[in-house]
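Asks: The following file, structure-v5.csv, comprises CSV, C-alpha atoms:
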```csv
chain,number,residue,atom,x,y,z
A,3,MET,CA,43.9,5.6,-0.3
A,4,PRO,CA,46.7,5.6,2.3
A,5,ASP,CA,45.7,5.9,6.0
A,6,LYS,CA,47.0,8.5,8.5
A,7,LYS,CA,50.4,6.7,8.7
A,8,GLY,CA,50.8,6.6,5.0
A,9,ALA,CA,50.0,2.9,4.7
A,10,THR,CA,47.7,1.6,1.9
A,11,MET,CA,44.7,-0.3,3.2
A,12,LEU,CA,43.9,-3.6,1.5
A,13,GLU,CA,40.4,-2.5,0.9
A,14,ASP,CA,41.7,0.4,-1.2
A,15,LEU,CA,43.5,-1.8,-3.7
A,16,PRO,CA,41.9,-2.2,-7.2
A,17,GLY,CA,39.7,-5.3,-7.5
A,18,GLU,CA,41.9,-6.9,-10.1
A,19,ILE,CA,44.9,-6.6,-7.7
A,20,MET,CA,43.0,-8.1,-4.9
A,21,ASP,CA,41.9,-11.0,-7.1
A,22,MET,CA,45.6,-11.6,-8.0
A,23,ILE,CA,46.5,-11.7,-4.3
A,24,LEU,CA,43.5,-13.9,-3.3
A,25,ILE,CA,44.0,-16.4,-6.1
A,26,ARG,CA,47.6,-17.1,-4.9
A,27,LEU,CA,46.6,-17.9,-1.3
A,28,PRO,CA,46.6,-21.4,0.1
A,29,SER,CA,43.1,-23.0,0.4
A,30,LYS,CA,42.9,-22.6,4.2
A,31,ASP,CA,43.9,-18.9,4.0
A,32,VAL,CA,41.2,-18.3,1.4
A,33,GLY,CA,38.8,-19.7,4.1
A,34,ARG,CA,40.1,-17.3,6.7
A,35,CYS,CA,39.7,-14.4,4.3
A,36,ARG,CA,36.0,-15.3,3.8
A,37,VAL,CA,35.5,-15.0,7.6
A,38,VAL,CA,37.0,-11.6,8.2
A,39,ASN,CA,35.8,-9.7,5.2
A,40,THR,CA,32.4,-9.9,3.3
A,41,SER,CA,33.8,-8.4,0.1
A,42,TRP,CA,36.6,-11.1,0.1
A,43,ARG,CA,34.0,-13.7,0.8
A,44,SER,CA,32.0,-12.6,-2.2
A,45,ALA,CA,35.1,-12.4,-4.4
A,46,THR,CA,36.3,-15.9,-3.5
A,47,SER,CA,32.9,-17.6,-3.7
A,48,THR,CA,32.2,-17.3,-7.4
A,49,PRO,CA,32.5,-20.4,-9.5
A,50,LYS,CA,35.1,-18.7,-11.8
A,51,PHE,CA,37.4,-17.9,-8.8
A,52,MET,CA,37.0,-21.3,-7.2
A,53,LEU,CA,37.8,-23.2,-10.4
A,54,LYS,CA,40.8,-20.9,-11.2
A,55,HIS,CA,42.1,-21.3,-7.7
A,56,HIS,CA,41.7,-25.1,-7.9
A,57,ARG,CA,43.7,-25.3,-11.2
A,58,ARG,CA,46.6,-23.5,-9.5
A,59,GLN,CA,47.0,-26.1,-6.8
A,60,PRO,CA,49.6,-28.9,-7.1
A,61,LEU,CA,48.6,-32.5,-7.6
A,62,VAL,CA,50.3,-34.4,-4.8
A,63,PRO,CA,50.3,-38.1,-3.8
A,64,ILE,CA,48.6,-39.3,-0.6
A,65,VAL,CA,50.4,-41.5,1.9
A,66,ASP,CA,48.4,-44.0,4.1
A,67,ALA,CA,49.8,-43.6,7.6
A,68,HIS,CA,47.9,-46.7,8.9
A,69,GLY,CA,46.1,-44.6,11.5
A,70,ARG,CA,49.2,-43.3,13.3
A,71,ALA,CA,48.3,-39.8,14.5
A,72,VAL,CA,46.4,-39.2,11.2
A,73,SER,CA,45.1,-41.8,8.8
A,74,HIS,CA,46.4,-40.1,5.7
A,75,VAL,CA,48.9,-37.4,4.9
A,76,VAL,CA,49.7,-35.7,1.6
A,77,PHE,CA,53.4,-35.3,0.6
A,78,GLY,CA,54.3,-31.6,0.7
A,79,ASP,CA,55.7,-29.3,-1.9
A,80,VAL,CA,59.3,-30.4,-2.6
A,81,GLY,CA,60.4,-26.8,-3.1
A,82,GLY,CA,58.7,-25.6,0.1
A,83,GLY,CA,61.1,-27.2,2.5
A,84,THR,CA,58.5,-29.6,4.1
A,85,SER,CA,58.6,-33.4,4.0
A,86,SER,CA,54.9,-34.0,4.7
A,87,GLN,CA,51.8,-32.2,5.8
A,88,GLU,CA,48.6,-33.3,7.4
A,89,LEU,CA,45.8,-34.1,4.9
A,90,TRP,CA,43.0,-33.8,7.5
A,91,PRO,CA,42.9,-34.7,11.2
A,92,LEU,CA,41.3,-38.1,10.9
A,93,VAL,CA,42.1,-39.9,14.1
A,94,ARG,CA,41.2,-43.6,14.7
A,95,GLU,CA,39.3,-44.0,18.0
A,96,GLY,CA,38.4,-47.4,19.2
A,97,ASN,CA,36.7,-49.3,16.4
A,98,LEU,CA,36.3,-46.2,14.2
A,99,SER,CA,37.9,-46.9,10.9
A,100,PHE,CA,38.0,-45.3,7.5
A,101,THR,CA,39.4,-46.3,4.1
A,102,LEU,CA,40.1,-44.0,1.1
A,103,LYS,CA,38.3,-45.3,-2.0
A,104,GLY,CA,38.5,-42.5,-4.5
A,105,SER,CA,39.9,-39.1,-5.4
A,106,CYS,CA,38.9,-36.6,-8.1
A,107,ASP,CA,39.3,-32.8,-8.3
A,108,GLY,CA,39.9,-32.3,-4.6
A,109,PHE,CA,37.0,-34.6,-3.5
A,110,LEU,CA,37.7,-37.8,-1.7
A,111,ILE,CA,35.5,-40.9,-1.4
A,112,ILE,CA,35.8,-42.5,2.0
A,113,TYR,CA,34.4,-45.8,3.3
A,114,HIS,CA,33.2,-45.9,7.0
A,115,HIS,CA,33.8,-49.4,8.3
A,116,THR,CA,32.0,-49.2,11.6
A,117,GLN,CA,28.7,-48.1,10.1
A,118,PRO,CA,29.1,-49.3,6.5
A,119,SER,CA,28.6,-46.3,4.3
A,120,PHE,CA,30.4,-44.3,1.6
A,121,PHE,CA,30.7,-40.6,1.5
A,122,ILE,CA,32.4,-37.8,-0.5
A,123,ARG,CA,34.4,-35.4,1.5
A,124,ASN,CA,36.2,-32.1,0.7
A,125,PRO,CA,39.1,-32.1,3.2
A,126,VAL,CA,39.6,-28.3,2.7
A,127,THR,CA,36.0,-27.2,3.5
A,128,ARG,CA,35.3,-30.2,5.7
A,129,LYS,CA,32.0,-30.7,4.0
A,130,TYR,CA,30.8,-34.2,3.2
A,131,VAL,CA,27.9,-36.0,1.4
A,132,ILE,CA,26.6,-39.5,2.0
A,133,LEU,CA,26.6,-41.6,-1.2
A,134,PRO,CA,23.4,-43.7,-2.1
A,135,GLN,CA,24.4,-47.3,-2.8
A,136,PRO,CA,23.1,-49.8,-5.3
A,137,GLN,CA,20.7,-52.5,-4.1
A,138,GLY,CA,23.3,-55.3,-4.1
A,139,GLN,CA,24.3,-57.2,-1.1
A,140,PHE,CA,28.0,-56.1,-1.3
A,141,ASN,CA,28.9,-52.8,-3.0
A,142,PHE,CA,32.3,-51.5,-3.9
A,143,VAL,CA,33.5,-48.2,-5.5
A,144,ILE,CA,35.7,-49.0,-8.5
A,145,GLY,CA,35.9,-45.6,-10.1
A,146,PHE,CA,35.4,-41.9,-9.4
A,147,TYR,CA,35.6,-39.4,-12.3
A,148,ARG,CA,34.4,-36.2,-13.8
A,149,HIS,CA,32.1,-36.7,-16.9
A,150,HIS,CA,33.5,-34.1,-19.3
A,151,PRO,CA,30.5,-33.6,-21.6
A,152,THR,CA,28.2,-32.7,-18.6
A,153,GLY,CA,30.7,-31.6,-15.9
A,154,GLU,CA,29.1,-34.1,-13.5
A,155,TYR,CA,31.0,-36.1,-11.0
A,156,ARG,CA,30.2,-39.8,-11.2
A,157,VAL,CA,30.9,-42.9,-9.1
A,158,LEU,CA,31.3,-46.3,-10.7
A,159,TRP,CA,30.0,-49.1,-8.5
A,160,PHE,CA,30.6,-52.8,-8.5
A,161,SER,CA,27.8,-54.8,-6.8
A,162,LEU,CA,27.9,-58.5,-5.9
A,163,SER,CA,25.0,-60.8,-5.0
A,164,HIS,CA,24.9,-62.5,-1.6
A,165,ASP,CA,26.7,-65.7,-2.8
A,166,SER,CA,29.0,-63.7,-5.2
A,167,SER,CA,27.7,-65.6,-8.2
A,168,LYS,CA,26.3,-62.5,-9.9
A,169,SER,CA,27.7,-59.0,-10.3
A,170,SER,CA,26.4,-55.7,-11.7
A,171,VAL,CA,27.9,-52.4,-12.5
A,172,TYR,CA,26.2,-49.1,-11.7
A,173,VAL,CA,26.9,-45.4,-12.3
A,174,LEU,CA,25.9,-42.8,-9.8
A,175,THR,CA,25.9,-39.1,-10.6
A,176,VAL,CA,26.9,-37.2,-7.5
A,177,GLY,CA,23.9,-35.2,-6.3
A,178,SER,CA,21.3,-37.8,-7.5
A,179,ASP,CA,19.8,-40.4,-5.2
A,180,LYS,CA,19.7,-43.5,-7.4
A,181,PRO,CA,22.5,-45.4,-9.1
A,182,ARG,CA,21.9,-46.4,-12.7
A,183,ARG,CA,22.8,-49.9,-13.9
A,184,ILE,CA,24.8,-50.3,-17.1
A,185,ILE,CA,25.3,-53.4,-19.2
A,186,VAL,CA,28.7,-54.9,-19.2
A,187,LYS,CA,29.9,-56.2,-22.6
A,188,ILE,CA,33.6,-56.9,-23.0
A,189,PRO,CA,34.9,-57.6,-26.5
A,190,THR,CA,36.1,-61.2,-27.1
A,191,VAL,CA,34.3,-62.4,-24.0
A,192,SER,CA,31.1,-64.2,-24.8
A,193,SER,CA,30.3,-66.0,-21.6
A,194,PRO,CA,28.6,-64.1,-18.7
A,195,SER,CA,30.5,-66.2,-16.2
A,196,VAL,CA,33.8,-65.0,-17.7
A,197,GLU,CA,32.6,-61.4,-17.7
A,198,ASN,CA,31.7,-61.9,-14.0
A,199,ARG,CA,35.2,-63.2,-13.3
A,200,LEU,CA,36.8,-60.2,-15.1
A,201,MET,CA,34.7,-57.7,-13.3
A,202,ASN,CA,35.7,-59.4,-10.0
A,203,GLU,CA,39.3,-58.9,-11.2
A,204,VAL,CA,38.5,-55.2,-11.7
A,205,HIS,CA,37.1,-55.0,-8.2
A,206,PHE,CA,40.2,-56.8,-6.8
A,207,SER,CA,42.5,-54.5,-8.7
A,208,SER,CA,40.7,-51.4,-7.5
A,209,GLY,CA,41.4,-52.5,-3.9
A,210,PHE,CA,45.1,-52.2,-4.4
A,211,SER,CA,45.5,-49.6,-7.1
A,212,PRO,CA,42.7,-47.2,-8.3
A,213,PRO,CA,42.1,-46.9,-12.1
A,214,VAL,CA,44.0,-44.3,-14.0
A,215,HIS,CA,41.8,-41.6,-15.6
A,216,HIS,CA,43.3,-40.8,-19.0
A,217,ARG,CA,41.6,-39.5,-22.2
A,218,GLY,CA,38.2,-39.7,-20.7
A,219,SER,CA,38.6,-43.4,-19.8
A,220,LEU,CA,39.4,-45.4,-16.7
A,221,HIS,CA,42.2,-48.0,-16.9
A,222,TRP,CA,42.8,-51.0,-14.7
A,223,TRP,CA,45.7,-53.4,-15.0
A,224,LEU,CA,44.6,-56.9,-14.1
A,225,SER,CA,47.3,-59.1,-12.7
A,226,GLY,CA,45.1,-62.2,-12.9
A,227,SER,CA,43.6,-61.8,-16.4
A,228,SER,CA,46.2,-63.7,-18.5
A,229,ASP,CA,44.5,-67.1,-18.0
A,230,ILE,CA,41.2,-65.5,-19.1
A,231,THR,CA,42.4,-63.6,-22.1
A,232,GLY,CA,45.2,-66.0,-23.2
A,233,GLY,CA,47.8,-63.4,-22.5
A,234,CYS,CA,46.8,-61.1,-25.4
A,235,ALA,CA,45.6,-58.2,-23.2
A,236,ASP,CA,45.7,-57.4,-19.5
A,237,THR,CA,44.2,-54.0,-19.1
A,238,ILE,CA,40.5,-53.2,-19.0
A,239,VAL,CA,39.4,-49.8,-20.1
A,240,PHE,CA,36.1,-48.1,-19.3
A,241,ASP,CA,35.0,-45.3,-21.7
A,242,THR,CA,33.2,-42.8,-19.4
A,243,GLU,CA,31.3,-41.2,-22.2
A,244,ALA,CA,30.2,-44.3,-24.2
A,245,GLU,CA,30.0,-46.3,-20.9
A,246,SER,CA,31.6,-49.3,-22.6
A,247,PHE,CA,34.5,-51.6,-21.8
A,248,ARG,CA,37.4,-52.6,-24.0
A,249,TRP,CA,40.9,-54.2,-23.8
A,250,MET,CA,44.4,-52.8,-23.9
A,251,ARG,CA,47.9,-54.2,-23.7
A,252,SER,CA,50.5,-53.3,-21.1
A,253,PRO,CA,54.3,-53.2,-22.0
A,254,GLY,CA,54.7,-57.0,-21.4
A,255,GLN,CA,56.7,-58.8,-18.8
A,256,HIS,CA,55.9,-57.7,-15.2
A,257,CYS,CA,55.9,-58.7,-11.6
A,258,PRO,CA,52.9,-59.2,-9.4
A,259,ASN,CA,52.9,-55.7,-7.9
A,260,SER,CA,53.2,-53.9,-11.3
A,261,MET,CA,50.8,-51.0,-11.9
A,262,LEU,CA,49.5,-48.4,-14.2
A,263,PHE,CA,49.8,-44.7,-13.2
A,264,ASP,CA,49.6,-41.2,-14.5
A,265,MET,CA,52.8,-39.4,-15.2
A,266,LYS,CA,51.9,-35.8,-15.7
A,267,GLY,CA,49.1,-36.5,-18.2
A,268,THR,CA,50.7,-39.5,-19.8
A,269,LEU,CA,49.7,-43.1,-19.2
A,270,ALA,CA,52.6,-45.0,-17.6
A,271,PHE,CA,53.4,-48.4,-16.2
A,272,TRP,CA,56.1,-49.7,-13.8
A,273,ALA,CA,57.2,-53.2,-13.2
A,274,GLY,CA,60.1,-55.3,-12.0
A,275,SER,CA,62.6,-56.1,-14.7
A,276,THR,CA,61.8,-59.8,-14.3
A,277,PRO,CA,58.6,-61.4,-12.9
A,278,ALA,CA,60.3,-62.2,-9.6
A,279,SER,CA,62.4,-59.1,-9.2
A,280,PHE,CA,61.9,-56.6,-6.4
A,281,SER,CA,65.3,-55.0,-6.8
A,282,THR,CA,64.7,-53.0,-10.0
A,283,MET,CA,61.8,-51.0,-11.3
A,284,ASP,CA,61.3,-50.4,-15.0
A,285,VAL,CA,59.1,-47.4,-16.1
A,286,TRP,CA,57.3,-47.4,-19.4
A,287,VAL,CA,55.2,-44.6,-21.0
A,288,MET,CA,52.5,-44.8,-23.6
A,289,GLN,CA,54.0,-43.4,-26.8
A,290,ASP,CA,51.0,-44.0,-29.1
A,291,TYR,CA,47.7,-44.5,-27.3
A,292,GLU,CA,45.7,-45.5,-30.4
A,293,ALA,CA,48.2,-48.0,-31.5
A,294,GLN,CA,49.0,-49.1,-27.9
A,295,ILE,CA,52.7,-48.6,-28.4
A,296,TRP,CA,54.8,-48.3,-25.2
A,297,ALA,CA,58.3,-46.8,-24.8
A,298,PHE,CA,60.9,-47.7,-22.1
A,299,LYS,CA,61.7,-44.5,-20.1
A,300,TYR,CA,64.1,-45.5,-17.3
A,301,ARG,CA,65.1,-48.1,-14.7
A,302,ILE,CA,65.6,-47.6,-10.9
A,303,GLU,CA,68.2,-49.9,-9.4
A,304,LEU,CA,68.0,-50.9,-5.8
A,305,SER,CA,71.8,-51.0,-5.5
A,306,THR,CA,72.1,-47.4,-6.8
A,307,VAL,CA,69.5,-46.1,-4.3
A,308,GLU,CA,71.2,-47.9,-1.4
A,309,ALA,CA,74.7,-46.6,-2.4
A,310,SER,CA,73.3,-43.1,-2.6
A,311,ARG,CA,71.6,-43.6,0.8
A,312,GLN,CA,75.0,-44.6,2.3
A,313,LEU,CA,76.5,-41.4,0.9
A,314,TYR,CA,73.7,-39.4,2.3
A,315,LEU,CA,74.3,-40.9,5.8
A,316,THR,CA,78.0,-39.9,5.7
A,317,SER,CA,77.0,-36.3,5.2
A,318,TYR,CA,74.1,-36.3,7.7
A,319,LYS,CA,74.5,-33.4,10.0
A,320,LYS,CA,76.7,-34.2,13.1
A,321,LYS,CA,76.0,-37.9,12.4
A,322,LYS,CA,72.7,-38.0,14.2
A,323,ARG,CA,70.6,-41.1,14.3
A,324,THR,CA,70.3,-42.5,10.8
A,325,PRO,CA,67.2,-41.4,9.0
A,326,ILE,CA,66.4,-45.0,7.9
A,327,ASP,CA,66.5,-47.9,10.3
A,328,SER,CA,67.6,-50.6,7.8
A,329,MET,CA,69.2,-51.1,4.4
A,330,VAL,CA,67.0,-50.7,1.3
A,331,GLN,CA,66.5,-54.4,0.6
A,332,SER,CA,63.4,-54.5,-1.8
A,333,PHE,CA,61.2,-52.2,-3.7
A,334,ASN,CA,57.4,-52.5,-3.2
A,335,ASP,CA,55.7,-49.5,-4.7
A,336,MET,CA,56.2,-46.2,-6.4
A,337,ALA,CA,54.5,-42.8,-7.0
A,338,VAL,CA,55.6,-40.0,-9.3
A,339,LEU,CA,56.1,-36.5,-7.9
A,340,ASN,CA,57.3,-34.8,-11.1
A,341,GLU,CA,59.4,-35.5,-14.1
A,342,ARG,CA,62.5,-36.1,-12.0
A,343,GLU,CA,61.4,-37.2,-8.5
A,344,LEU,CA,59.6,-40.2,-7.1
A,345,LEU,CA,58.3,-41.7,-3.9
A,346,VAL,CA,59.3,-45.4,-3.4
A,347,ARG,CA,58.0,-47.7,-0.8
A,348,PHE,CA,60.7,-50.2,0.3
A,349,ASN,CA,61.2,-53.1,2.7
A,350,GLY,CA,57.4,-53.4,3.0
A,351,LYS,CA,57.0,-50.5,5.4
A,352,HIS,CA,58.9,-47.2,4.7
A,353,VAL,CA,58.7,-44.6,1.9
A,354,LEU,CA,61.8,-42.8,0.5
A,355,HIS,CA,62.2,-39.8,-1.8
A,356,CYS,CA,64.6,-40.2,-4.7
A,357,ASP,CA,65.1,-39.0,-8.3
A,358,VAL,CA,64.9,-41.0,-11.5
A,359,ASP,CA,68.7,-41.6,-11.4
A,360,GLY,CA,68.4,-43.4,-8.1
A,361,LYS,CA,69.8,-40.5,-6.0
A,362,PHE,CA,68.4,-40.7,-2.4
A,363,LEU,CA,66.8,-37.5,-1.4
A,364,GLY,CA,65.5,-38.4,2.1
A,365,LEU,CA,62.9,-40.4,4.0
A,366,VAL,CA,59.2,-39.5,4.1
A,367,LYS,CA,58.2,-38.9,7.7
A,368,ILE,CA,55.1,-38.0,9.5
A,369,GLY,CA,56.2,-35.3,12.0
A,370,LYS,CA,59.5,-36.6,13.4
A,371,ASN,CA,58.6,-40.3,13.3
A,372,GLN,CA,59.4,-43.1,10.9
A,373,HIS,CA,56.0,-44.8,10.6
A,374,CYS,CA,55.1,-47.9,8.7
A,375,MET,CA,53.2,-46.6,5.7
A,376,ARG,CA,52.1,-47.3,2.2
A,377,LEU,CA,51.4,-45.2,-0.9
A,378,ALA,CA,47.6,-44.9,-1.3
A,379,HIS,CA,47.8,-44.3,-5.1
A,380,TYR,CA,45.4,-41.4,-4.9
A,381,ARG,CA,46.3,-37.8,-5.5
A,382,LEU,CA,44.9,-34.6,-4.0
A,383,GLN,CA,44.5,-31.3,-5.8
A,384,GLU,CA,43.0,-29.1,-3.2
A,385,SER,CA,39.7,-27.4,-4.0
A,386,ILE,CA,37.4,-24.9,-2.3
A,387,LEU,CA,34.6,-25.8,-4.7
A,388,PRO,CA,31.4,-27.2,-3.1
A,389,ILE,CA,30.4,-30.8,-3.5
A,390,PRO,CA,27.5,-30.8,-6.0
A,391,SER,CA,24.7,-31.9,-3.7
A,392,HIS,CA,21.9,-30.4,-1.6
A,393,GLU,CA,22.5,-32.8,1.3
A,394,MET,CA,25.9,-31.6,2.5
A,395,HIS,CA,27.1,-32.1,6.1
A,396,GLN,CA,29.8,-30.4,8.1
A,397,GLY,CA,32.4,-32.3,10.0
```
Please rewrite the model in this file as structure tokens.

Replies:
Amino acid sequence: MPDKKGATMLEDLPGEIMDMILIRLPSKDVGRCRVVNTSWRSATSTPKFMLKHHRRQPLVPIVDAHGRAVSHVVFGDVGGGTSSQELWPLVREGNLSFTLKGSCDGFLIIYHHTQPSFFIRNPVTRKYVILPQPQGQFNFVIGFYRHHPTGEYRVLWFSLSHDSSKSSVYVLTVGSDKPRRIIVKIPTVSSPSVENRLMNEVHFSSGFSPPVHHRGSLHWWLSGSSDITGGCADTIVFDTEAESFRWMRSPGQHCPNSMLFDMKGTLAFWAGSTPASFSTMDVWVMQDYEAQIWAFKYRIELSTVEASRQLYLTSYKKKKRTPIDSMVQSFNDMAVLNERELLVRFNGKHVLHCDVDGKFLGLVKIGKNQHCMRLAHYRLQESILPIPSHEMHQG
């Protein structure tokens, strides 16, 4: 009903209209609504609402800011007029240091260096859970995924003995207190020592580029596996349902910093056009997953990006200080924003925004500054869902 001034009160709107309004709010605004109104708190706290709200959020790449102001930022909505936004206010103080080790459905796995421990954090709700570790001397997170048959969130651990001569793989269901060891059997590999070398390669690969979760499996491209496999395959695949490993082939010739990535639900791969090239990036997509057939999609030329950057500078308003402090001299890394737009790390320190034709669209900045940064190869899709655990902490 309208009030005395003829204005309709929000509380008077039909429930379905309020749901349509609430479901479209940003995550932080949903949190504010929960504080000011008990009926809104109830409406936005149901599993159905929280899951529906999560599915509406964009999946955006995370940039590692190397601890300047904040440790990580998430690249903002291209259509929203923002170049970047704060992921969470994680400031490095003294010897305090954190590393991002996993991302899945809005939950992040973070490693605390000062007091060695792993925990899962929801950056929206600021709740976190400490992860139980395997009994090995050295433990590493090599995968974080949702197990579709059960809906459980699971962590894949790699554990090394004190002298690094033996390794084990464990699966931890988030919310449980004990990792479960699984047997590693890789086809065509008969020697336990070779399997140990391969799993070390998986661990090494995870440190630079997280596995790609596609079709219920985790995929790692192993740059150093050719001498082990004879060049016939270079990608290890972990089936999260069968909990088994198998091989897969990448498109072929690639440079040392090549990588697998997800392109809007499709398995993709980028590499230099020659093994020693850092001036071009070729992008391939998986055309037939079962037959392992790849198709070439496009090439990004450094010369095209640099020419476009020079054109951008000539039209820069009032010829202010140039938005990049040096020429684009080499490509180092890439992340996909959408079908047409990319983030590209160049010259070993900056990240630019361009399209698949090489058109320069701007420099990624944190605030007004040009920080040295790198692409973390993790993505965030914000969530207000609780972490599935009885031992949550706030902070």

Asks: Please report the interatomic distance between CA of Arg217 in chain A and CA of Trp296 in chain A in Å with one decimal.

Replies: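 Here the two named atoms are 16.1 Å from each other.
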
Asks: In Å, how far is it from CA of Gly274 in chain A to CA of Val65 in chain A?

Replies: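 Computing the Euclidean distance for CA of Gly274 in chain A and CA of Val65 in chain A yields 21.9 Å.
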
Asks: I'd like to know which of A:Gly17, A:Gly209, A:Gly364, A:Gly350 is closest to Leu315 in chain A, using only C-alpha atoms.

Replies: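 Closest to Leu315 in chain A, using only C-alpha atoms: A:Gly364.
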
Asks: Identify, on the basis of all atoms listed in the file, every residue whose closest approach to His56 in chain A does not exceed 8 Å; exclude the query and any residue fewer than 4 positions from it along the same chain; express the result as an NGL selection string.

Replies: :A and (52 or 383-387)

Asks: Padding of 6 Å on every side, edges along x, y and z, all listed atoms of range 247-255 of chain A included: what centre and edge lengths in Å, to one decimal, does that box have, as lines of an AutoDock Vina configuration file?

Replies:
```
center_x = 45.6
center_y = -55.2
center_z = -21.4
size_x = 34.2
size_y = 19.2
size_z = 17.2
```

Asks: Do you have the CA of Arg43 in chain A-CA of Arg156 in chain A distance handy?

Replies: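 Between CA of Arg43 in chain A and CA of Arg156 in chain A the gap works out to 29.0 Å.
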
Asks: With range 116-132 of chain A as the partner and 10 Å as the cut-off, tabulate the residues of range 149-184 of chain A that qualify, each row holding the nearest pair of atoms and their distance in Å to one decimal, using all atoms listed in the file, sorted by chain and rising number, as a Markdown table.

Replies:
```
| residue | atom | partner | partner_atom | distance |
| --- | --- | --- | --- | --- |
| A:Val176 | CA | A:Ile122 | CA | 8.9 |
| A:Gly177 | CA | A:Val131 | CA | 8.7 |
| A:Asp179 | CA | A:Ile132 | CA | 9.9 |
```

Asks: Calculated over all atoms listed in the file, which of the candidates A:Ser260, A:Gly360, A:Pro63, A:Glu341 has the smallest distance to Glu308 in chain A?

Replies: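 Among the listed residues, the smallest separation from Glu308 in chain A belongs to A:Gly360.
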
Asks: Please provide the set of residues having any atom within 8 Å of Lys351 in chain A, restricted to only C-alpha atoms, with same-chain residues fewer than 4 positions apart removed, written as a short mmCIF file (atom, residue, chain, number, x, y, z; two decimals) with C-alpha atoms, keeping the file's coordinate frame.

Replies:
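And here's part.cif as it stands now:
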```cif
data_model
loop_
_atom_site.label_atom_id
_atom_site.label_comp_id
_atom_site.auth_asym_id
_atom_site.auth_seq_id
_atom_site.Cartn_x
_atom_site.Cartn_y
_atom_site.Cartn_z
CA ARG A 347 58.00 -47.70 -0.80
CA HIS A 373 56.00 -44.80 10.60
CA CYS A 374 55.10 -47.90 8.70
CA MET A 375 53.20 -46.60 5.70
CA ARG A 376 52.10 -47.30 2.20
#
```

Asks: If we count all atoms listed in the file, what is near range 184-188 of chain A at a cut-off of 10 Å, once residues fewer than 2 positions away on the same chain are taken out, given as a list in words?

Replies: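 Non-adjacent residues within range: Leu158, Ser169, Ser170, Val171, Tyr172, Val173, Pro181, Arg182, Thr190, Val191, Ser192, Ser193, Pro194, Val196, Glu197, Asn198, Leu200, Met201, Ile238, Val239, Phe240, Glu245, Ser246, Phe247, Arg248 and Trp249 of chain A.
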
Asks: For a quick check of understanding, using all atoms listed in the file, which of A:Ala244, A:Leu220, A:Leu61, A:Leu133 has the smallest distance to Pro151 in chain A?

Replies: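 Looking at the shortest contact to Pro151 in chain A, the residue is A:Ala244.
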